[in-house]
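**Student:** Pasting upload-v8.tsv below, which is TSV, C-alpha atoms.
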chain	number	residue	atom	x	y	z
A	12	MET	CA	-16.74	-0.68	-10.35
A	13	ARG	CA	-15.90	2.84	-11.51
A	14	ASN	CA	-12.64	3.40	-13.38
A	15	MET	CA	-10.09	3.53	-10.55
A	16	GLN	CA	-7.39	4.99	-12.80
A	17	ASN	CA	-9.50	8.16	-13.07
A	18	HIS	CA	-9.44	8.43	-9.29
A	19	PHE	CA	-5.66	8.17	-9.08
A	20	SER	CA	-5.17	10.65	-11.92
A	21	GLU	CA	-7.44	13.17	-10.18
A	22	ILE	CA	-5.83	12.76	-6.79
A	23	ALA	CA	-2.16	12.45	-7.85
A	24	SER	CA	-1.10	16.03	-7.12
A	25	LYS	CA	-2.31	15.92	-3.51
A	26	TYR	CA	-2.08	12.20	-2.70
A	27	ARG	CA	1.09	12.42	-0.64
A	28	GLU	CA	-0.45	15.06	1.64
A	29	LEU	CA	-3.70	13.14	2.14
A	30	ARG	CA	-2.23	9.78	3.15
A	31	ILE	CA	-0.33	8.91	6.32
A	32	THR	CA	3.00	7.17	5.76
A	33	ASP	CA	4.09	5.06	8.73
A	34	ILE	CA	7.80	4.41	9.19
A	35	GLU	CA	7.49	1.22	11.29
A	36	PRO	CA	7.08	-1.24	8.37
A	37	ILE	CA	10.12	0.31	6.68
A	38	LEU	CA	12.22	-0.21	9.79
A	39	TYR	CA	11.01	-3.80	10.04
A	40	ILE	CA	11.95	-4.42	6.40
A	41	LYS	CA	15.34	-2.80	6.98
A	42	GLY	CA	16.01	-5.36	9.68
A	43	MET	CA	14.90	-8.21	7.45
A	44	VAL	CA	17.35	-7.27	4.67
A	45	LYS	CA	20.28	-6.16	6.82
A	46	ASP	CA	22.47	-9.01	5.55
A	47	LEU	CA	22.06	-8.00	1.89
A	48	SER	CA	24.94	-5.74	0.87
A	49	LYS	CA	23.29	-4.66	-2.39
A	50	ILE	CA	19.59	-4.69	-3.20
A	51	VAL	CA	17.91	-4.38	-6.58
A	52	GLY	CA	14.25	-3.93	-5.75
A	53	ALA	CA	10.86	-2.90	-7.11
A	54	ASP	CA	8.06	-1.00	-5.39
A	55	VAL	CA	5.01	-2.21	-7.32
A	56	GLY	CA	1.97	0.05	-7.12
A	57	CYS	CA	4.26	2.80	-5.85
A	58	GLY	CA	1.85	5.68	-6.53
A	59	THR	CA	3.55	9.01	-5.85
A	60	GLY	CA	6.35	7.24	-4.01
A	61	ARG	CA	5.42	7.68	-0.36
A	62	TYR	CA	6.95	4.39	0.70
A	63	SER	CA	9.51	4.31	-2.12
A	64	LEU	CA	11.04	7.44	-0.62
A	65	LYS	CA	11.21	5.92	2.85
A	66	LEU	CA	12.84	2.78	1.47
A	67	LEU	CA	15.48	4.84	-0.32
A	68	GLU	CA	16.09	7.00	2.73
A	69	HIS	CA	16.51	4.10	5.14
A	70	LEU	CA	18.28	1.58	2.90
A	71	GLY	CA	20.51	4.22	1.36
A	72	ASP	CA	22.93	3.63	-1.47
A	73	LYS	CA	22.68	-0.14	-1.23
A	74	LEU	CA	19.18	0.02	-2.78
A	75	ASN	CA	18.47	0.58	-6.45
A	76	LEU	CA	14.72	0.76	-6.87
A	77	PHE	CA	12.31	0.34	-9.75
A	78	CYS	CA	9.25	2.51	-8.97
A	79	ILE	CA	6.42	0.80	-10.81
A	80	ASP	CA	2.84	1.96	-11.26
A	81	TYR	CA	0.26	1.88	-14.04
A	82	ASN	CA	-0.94	5.46	-13.48
A	83	GLU	CA	1.14	7.94	-15.44
A	84	LYS	CA	0.17	11.00	-13.39
A	85	MET	CA	1.21	9.28	-10.17
A	86	LEU	CA	4.61	8.54	-11.69
A	87	ILE	CA	4.98	12.14	-12.88
A	88	GLN	CA	4.45	13.32	-9.31
A	89	LEU	CA	6.96	10.77	-8.01
A	90	ASN	CA	9.61	11.81	-10.51
A	91	LYS	CA	9.09	15.50	-9.75
A	92	TYR	CA	9.31	14.94	-5.99
A	93	PHE	CA	12.37	12.67	-6.10
A	94	THR	CA	14.18	15.05	-8.47
A	95	GLN	CA	13.58	17.92	-6.02
A	96	LYS	CA	15.16	15.78	-3.29
A	97	ASN	CA	18.17	14.90	-5.51
A	98	ILE	CA	17.43	11.16	-5.32
A	99	GLU	CA	19.14	9.26	-8.11
A	100	ASN	CA	19.07	5.53	-7.31
A	101	PHE	CA	15.60	4.89	-8.76
A	102	LYS	CA	14.03	4.22	-12.14
A	103	ILE	CA	10.42	4.83	-13.10
A	104	MET	CA	8.53	2.10	-14.91
A	105	ARG	CA	4.91	2.22	-16.07
A	106	ALA	CA	3.50	-1.29	-16.01
A	107	LYS	CA	0.73	-3.48	-14.67
A	108	ALA	CA	1.52	-5.62	-11.64
A	109	SER	CA	0.51	-8.70	-13.62
A	110	ASP	CA	3.00	-7.98	-16.43
A	111	LEU	CA	6.29	-6.63	-15.09
A	112	PRO	CA	8.93	-5.91	-17.77
A	113	ILE	CA	11.82	-7.11	-15.61
A	114	LYS	CA	14.30	-9.91	-16.28
A	115	SER	CA	13.74	-13.25	-14.61
A	116	ASN	CA	15.79	-13.97	-11.48
A	117	SER	CA	17.02	-10.38	-11.25
A	118	LEU	CA	15.52	-8.81	-8.11
A	119	ASP	CA	16.42	-9.10	-4.45
A	120	CYS	CA	13.23	-7.55	-3.08
A	121	ILE	CA	9.74	-6.66	-4.22
A	122	PHE	CA	7.56	-4.32	-2.17
A	123	ALA	CA	3.82	-3.68	-2.37
A	124	PHE	CA	2.45	-1.10	0.07
A	125	ASN	CA	-1.36	-0.82	0.33
A	126	ALA	CA	-1.62	-1.87	-3.29
A	127	ILE	CA	-2.49	-5.53	-3.78
A	128	HIS	CA	-6.25	-4.90	-3.73
A	129	HIS	CA	-5.69	-3.07	-7.04
A	130	PHE	CA	-3.79	-6.01	-8.58
A	131	LYS	CA	-4.69	-9.27	-10.23
A	132	PHE	CA	-3.10	-10.83	-7.19
A	133	LYS	CA	-2.32	-14.36	-8.41
A	134	GLU	CA	-0.81	-13.02	-11.65
A	135	PHE	CA	1.28	-10.56	-9.62
A	136	LEU	CA	2.59	-13.39	-7.45
A	137	ASP	CA	3.47	-15.41	-10.56
A	138	GLU	CA	5.52	-12.45	-11.76
A	139	CYS	CA	7.20	-12.12	-8.36
A	140	SER	CA	8.17	-15.80	-8.46
A	141	ARG	CA	9.65	-15.29	-11.92
A	142	ILE	CA	11.71	-12.15	-11.28
A	143	LEU	CA	12.96	-12.74	-7.73
A	144	LYS	CA	16.34	-14.34	-7.21
A	145	ASN	CA	16.42	-17.48	-5.11
A	146	ASN	CA	16.10	-16.97	-1.36
A	147	ARG	CA	14.96	-13.35	-1.66
A	148	TYR	CA	11.93	-11.37	-0.42
A	149	LEU	CA	8.49	-10.14	-1.36
A	150	PHE	CA	7.00	-7.75	1.22
A	151	ILE	CA	3.20	-7.27	1.12
A	152	TYR	CA	1.88	-4.49	3.35
A	153	THR	CA	-1.92	-4.26	3.43
A	154	ARG	CA	-5.10	-3.84	5.44
A	155	LEU	CA	-7.02	-7.03	6.01
A	156	LYS	CA	-10.82	-7.05	5.71
A	157	SER	CA	-11.17	-7.49	9.47
A	158	GLN	CA	-8.76	-4.62	10.11
A	159	ASN	CA	-10.77	-2.41	7.77
A	160	TYR	CA	-13.91	-3.05	9.84
A	161	LYS	CA	-12.24	-1.76	13.00
A	162	ASN	CA	-10.92	1.65	11.94
A	163	ILE	CA	-12.87	4.90	12.10
A	164	TRP	CA	-14.11	4.53	8.53
A	165	GLY	CA	-15.27	0.96	8.92
A	166	LYS	CA	-17.09	1.75	12.16
A	167	TYR	CA	-18.72	5.08	11.37
A	168	PHE	CA	-18.68	5.83	7.61
A	169	PRO	CA	-21.89	4.57	5.94
A	170	GLY	CA	-21.33	1.83	3.39
A	171	PHE	CA	-17.53	1.84	3.69
A	172	THR	CA	-17.01	-1.84	4.43
A	173	ASP	CA	-19.76	-2.88	2.00
A	174	LYS	CA	-18.18	-1.01	-0.89
A	175	GLU	CA	-14.62	-2.03	-0.05
A	176	ASN	CA	-14.78	-5.65	-1.15
A	177	ARG	CA	-11.26	-5.87	-2.64
A	178	LEU	CA	-9.36	-6.60	0.57
A	179	TYR	CA	-8.28	-10.06	1.75
A	180	GLU	CA	-8.20	-11.91	5.04
A	181	LEU	CA	-4.91	-13.47	6.08
A	182	ASP	CA	-6.03	-17.00	5.32
A	183	GLU	CA	-7.05	-15.90	1.81
A	184	LEU	CA	-3.62	-14.36	1.23
A	185	GLU	CA	-1.93	-17.50	2.52
A	186	SER	CA	-4.05	-19.74	0.30
A	187	ILE	CA	-3.22	-17.78	-2.87
A	188	ILE	CA	0.48	-17.48	-2.04
A	189	ASN	CA	0.68	-21.22	-1.40
A	190	GLN	CA	-0.63	-21.85	-4.92
A	191	VAL	CA	2.42	-20.19	-6.48
A	192	GLU	CA	5.41	-22.39	-7.14
A	193	GLY	CA	8.62	-20.93	-5.78
A	194	LEU	CA	7.03	-18.73	-3.09
A	195	SER	CA	6.35	-19.47	0.58
A	196	ILE	CA	5.33	-17.36	3.55
A	197	HIS	CA	8.28	-16.49	5.78
A	198	SER	CA	6.58	-14.38	8.47
A	199	VAL	CA	3.56	-12.22	9.31
A	200	LYS	CA	3.83	-8.98	11.29
A	201	PHE	CA	0.88	-6.92	12.56
A	202	PHE	CA	1.01	-3.16	13.05
A	203	LYS	CA	-1.33	-0.90	15.02
A	204	PHE	CA	-1.13	2.90	14.87
A	205	LYS	CA	-2.92	5.40	17.08
A	206	ARG	CA	-4.36	8.36	15.19
A	207	ILE	CA	-5.49	11.68	16.68
A	208	MET	CA	-7.14	14.21	14.39
A	209	GLY	CA	-9.63	17.06	14.47
A	210	ILE	CA	-13.01	16.53	12.85
A	211	GLN	CA	-12.43	19.04	10.05
A	212	LYS	CA	-9.24	17.26	9.00
A	213	VAL	CA	-11.02	13.90	9.10
A	214	LEU	CA	-13.87	15.19	6.93
A	215	GLU	CA	-11.39	16.81	4.55
A	216	LYS	CA	-9.74	13.42	3.97
A	217	ALA	CA	-13.07	11.87	3.06
A	218	ARG	CA	-14.05	14.72	0.73
A	219	ASN	CA	-10.69	14.44	-1.01
A	220	ARG	CA	-11.12	10.65	-1.29
A	221	HIS	CA	-7.87	9.81	0.46
A	222	TYR	CA	-8.85	6.13	0.28
A	223	SER	CA	-9.76	4.81	-3.16
A	224	THR	CA	-12.86	3.31	-1.51
A	225	PHE	CA	-14.44	6.77	-1.58
A	226	TYR	CA	-14.24	6.79	-5.37
A	227	LEU	CA	-16.84	4.02	-5.33
A	228	TYR	CA	-19.41	6.58	-4.11
A	229	ASP	CA	-21.00	9.01	-6.55
A	230	GLU	CA	-20.92	12.71	-5.62
A	231	LYS	CA	-24.32	12.95	-3.95
A	232	GLU	CA	-23.95	9.61	-2.21
A	233	LEU	CA	-20.57	10.62	-0.83
A	234	GLU	CA	-21.85	13.91	0.55
A	235	ARG	CA	-24.79	12.19	2.26
A	236	ALA	CA	-22.41	9.63	3.74
A	237	ILE	CA	-20.07	12.38	4.98
A	238	ASN	CA	-22.95	14.13	6.72
A	239	THR	CA	-23.99	10.90	8.45
A	240	PHE	CA	-20.33	10.18	9.27
A	241	LYS	CA	-20.06	13.58	10.96
A	242	GLN	CA	-23.16	12.85	13.04
A	243	ASN	CA	-21.75	9.47	14.04
A	244	LEU	CA	-18.46	11.05	15.13
A	245	CYS	CA	-20.26	13.69	17.19
A	246	ALA	CA	-22.29	10.96	18.88
A	247	ASN	CA	-19.29	8.75	19.69
A	248	PHE	CA	-16.43	11.15	20.51
A	249	LYS	CA	-16.42	13.81	23.22
A	250	ASP	CA	-13.67	16.06	21.84
A	251	MET	CA	-14.08	16.95	18.17
A	252	ASN	CA	-10.58	18.43	18.12
A	253	ARG	CA	-9.02	15.13	19.21
A	254	ILE	CA	-10.80	12.22	17.57
A	255	GLN	CA	-8.83	9.08	18.36
A	256	TRP	CA	-8.79	5.71	16.64
A	257	PHE	CA	-6.41	2.94	15.56
A	258	ASP	CA	-5.40	1.94	12.05
A	259	GLU	CA	-4.20	-1.65	11.70
A	260	TYR	CA	-2.08	-3.19	8.95
A	261	THR	CA	-0.41	-6.50	8.16
A	262	LEU	CA	3.01	-7.14	6.64
A	263	VAL	CA	3.36	-10.54	5.00
A	264	THR	CA	6.94	-11.47	4.16
A	265	VAL	CA	7.21	-14.04	1.37
A	266	LYS	CA	10.43	-15.78	0.43
A	267	SER	CA	11.41	-17.12	-2.97
A	268	GLY	CA	12.87	-20.53	-3.65
A	269	SER	CA	12.02	-24.01	-2.42
A	270	LEU	CA	10.87	-24.59	1.13
A	271	GLU	CA	14.20	-26.08	2.14
A	272	ASN	CA	15.90	-22.80	1.19
A	273	CYS	CA	13.63	-20.68	3.37
In structure tokens, how does this file's structure come out?
**Tutor:**
Amino acid sequence: MRNMQNHFSEIASKYRELRITDIEPILYIKGMVKDLSKIVGADVGCGTGRYSLKLLEHLGDKLNLFCIDYNEKMLIQLNKYFTQKNIENFKIMRAKASDLPIKSNSLDCIFAFNAIHHFKFKEFLDECSRILKNNRYLFIYTRLKSQNYKNIWGKYFPGFTDKENRLYELDELESIINQVEGLSIHSVKFFKFKRIMGIQKVLEKARNRHYSTFYLYDEKELERAINTFKQNLCANFKDMNRIQWFDEYTLVTVKSGSLENC
């Protein structure tokens, strides 16, 4: 696999504009933590802070957030953006998800948005078990393998699902989580979002590698795939100015502590 950190360094300055940030999982999380008066949390794999920002906006002053990522350029963009917005209740931390420099039993919530396929997942969960307080939450928001097959990229972009072999199915997630002492699955929520976009915008996203999957193609291979993708879209959609599809995601809520506390 090519060095994924190079991809994120190259794309950092435009990442926020390329990706779609859905508010629905944030609102769901807000409901889950409504009884917590103060939250010390960590957004692990935060990137440029797309979802960190939404958490801070919707949870307000009761949230103090560690924004954690291993890519320095992503964190530079996050810091610049949050400073422009006069956001103060956050702290940047450069670290791997498998080695979080946070005190044991100190966090109320850990968030991972579209990031676990970049982690050593079991080691990340071990860290979550260590640093979460008892009876607190880990929120994992991700695409499942089966969900990845059904979106516009999985259906029509050559090689997309073959190259993207880092995603999990729900039963795989459950199996790994169940191996970690002190963590248990609390709930699973599925999300489905309708997208409408013109063909030029869709092709622009692929050329700019808005998903890290596209970094797994070399330059010539990617351009050939984009050309075939365009042909596939023209063959399957009547209006090239309004290409419609659904993106699906899964939010797994994990609770810390023994089963009788959950």
**Student:** Taking only C-alpha atoms into account, name the residue in A:Asn252, A:Asn90, A:Asn82, A:Asn219 that is nearest to A:Leu233.
**Tutor:** A:Asn219
**Student:** Could you give me, as a PyMOL selection string, the residues within 6 Å of A:Asn145, counting only C-alpha atoms and dropping anything in the same chain fewer than 2 positions from it?
**Tutor:** chain A and resi 147+267-268
**Student:** Give me, as JSON, numbers by chain, all polymer residues having an atom no more than 10 Å from A:Tyr92, counting all atoms listed in the file and skipping those fewer than 6 positions away in the same chain.
**Tutor:** {"A": [59, 60, 61, 64, 86, 98]}
**Student:** Between A:Leu47, A:Ala126, A:Leu66, A:Leu136, which residue has the minimum interatomic distance to A:Leu155, considering only C-alpha atoms?
**Tutor:**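 Between A:Leu47, A:Ala126, A:Leu66, A:Leu136, the residue approaching A:Leu155 most closely is A:Ala126.
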**Student:** So, counting all atoms listed in the file, which residue among A:Lys266, A:Lys96, A:Lys41, A:Lys144 is closest to A:His69?
**Tutor:** A:Lys41
**Student:** Measuring atom to atom with only C-alpha atoms, identify which of A:Phe93, A:Trp164, A:Tyr152, A:Phe130 is nearest to A:Ser109.
**Tutor:**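 The shortest atom-to-atom distance to A:Ser109 comes from A:Phe130.
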**Student:** Could you tell me how far atom CA of A:Pro112 sits from atom CA of A:Leu38, in Å to one decimal place?
**Tutor:**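 Between atom CA of A:Leu38 and atom CA of A:Pro112 the gap works out to 28.3 Å.
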**Student:** Using only C-alpha atoms, find the one residue out of A:Lys133, A:Arg154, A:Lys91, A:Lys114 that sits nearest to A:Tyr222.
**Tutor:**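 Counting only C-alpha atoms, the residue closest to A:Tyr222 is A:Arg154.
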**Student:** Mind dumping a table of every stretch 206-258 of chain A residue within 12 Å of stretch 176-189 of chain A, with the nearest atom pair and its distance in Å to one decimal, using all atoms listed in the file, sorted by chain and rising number, as a tab-separated table?
**Tutor:**
residue	atom	partner	partner_atom	distance
A:Ser223	CA	A:Arg177	CA	10.8
A:Thr224	CA	A:Asn176	CA	9.2
A:Leu227	CA	A:Asn176	CA	10.7
**Student:** Nearest to A:Phe171: which of A:Leu118, A:Phe240, A:Glu134, A:Leu143 is it, counting only C-alpha atoms?
**Tutor:** A:Phe240
**Student:** Taking (-2.7, -2.3, 15.0) as a centre in this file's frame and 7 Å as the limit, can you find every polymer residue with an atom that close, using all atoms listed in the file, and give them as a list in words?
**Tutor:**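 Those residues lying close to the given coordinates are Phe201, Phe202, Lys203, Phe204, Phe257, Asp258, Glu259 and Tyr260 of chain A.
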**Student:** Would you mind reading off the distance between atom CA of A:Tyr228 and atom CA of A:Thr172, one decimal, in Å?
**Tutor:**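 Separation of atom CA of A:Tyr228 and atom CA of A:Thr172: 12.2 Å.
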**Student:** Which polymer residues have any atom within 10 Å of an atom of A:Lys212, counting all atoms listed in the file, with same-chain residues fewer than 4 positions away left out, as a PyMOL selection string?
**Tutor:** chain A and resi 29+208+216-218+252
**Student:** Would you kindly return, as a ChimeraX atom specification, each protein, DNA or RNA residue with an atom no farther than 12 Å from any atom of A:Phe101, considering all atoms listed in the file and excluding same-chain residues fewer than 2 positions away?
**Tutor:** /A:50-54,57,60,63-64,66-68,71-79,86,89-90,93-94,97-99,103-104
**Student:** Do you have the atom CA of A:Ile34-atom CA of A:Cys139 distance handy?
**Tutor:**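 Separation between atom CA of A:Ile34 and atom CA of A:Cys139: 24.1 Å.
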**Student:** Around the point (-11.9, 6.0, 20.0) (coordinates from the file), which residues reach within 12 Å if we count all atoms listed in the file? Answer as number ranges by chain.
**Tutor:** A: 161-164, 166-167, 205-208, 244-251, 253-258
**Student:** Kindly export the residues of the current selection with C-alpha atoms, as a compact mmCIF listing (two decimals), keeping the file's coordinate frame.
**Tutor:**
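After the write, again-v6.txt holds the following:
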# COMPACT_ATOMS: atom_id res chain seq x y z
CA LYS A 161 -12.24 -1.76 13.00
CA ASN A 162 -10.92 1.65 11.94
CA ILE A 163 -12.87 4.90 12.10
CA TRP A 164 -14.11 4.53 8.53
CA LYS A 166 -17.09 1.75 12.16
CA TYR A 167 -18.72 5.08 11.37
CA LYS A 205 -2.92 5.40 17.08
CA ARG A 206 -4.36 8.36 15.19
CA ILE A 207 -5.49 11.68 16.68
CA MET A 208 -7.14 14.21 14.39
CA LEU A 244 -18.46 11.05 15.13
CA CYS A 245 -20.26 13.69 17.19
CA ALA A 246 -22.29 10.96 18.88
CA ASN A 247 -19.29 8.75 19.69
CA PHE A 248 -16.43 11.15 20.51
CA LYS A 249 -16.42 13.81 23.22
CA ASP A 250 -13.67 16.06 21.84
CA MET A 251 -14.08 16.95 18.17
CA ARG A 253 -9.02 15.13 19.21
CA ILE A 254 -10.80 12.22 17.57
CA GLN A 255 -8.83 9.08 18.36
CA TRP A 256 -8.79 5.71 16.64
CA PHE A 257 -6.41 2.94 15.56
CA ASP A 258 -5.40 1.94 12.05
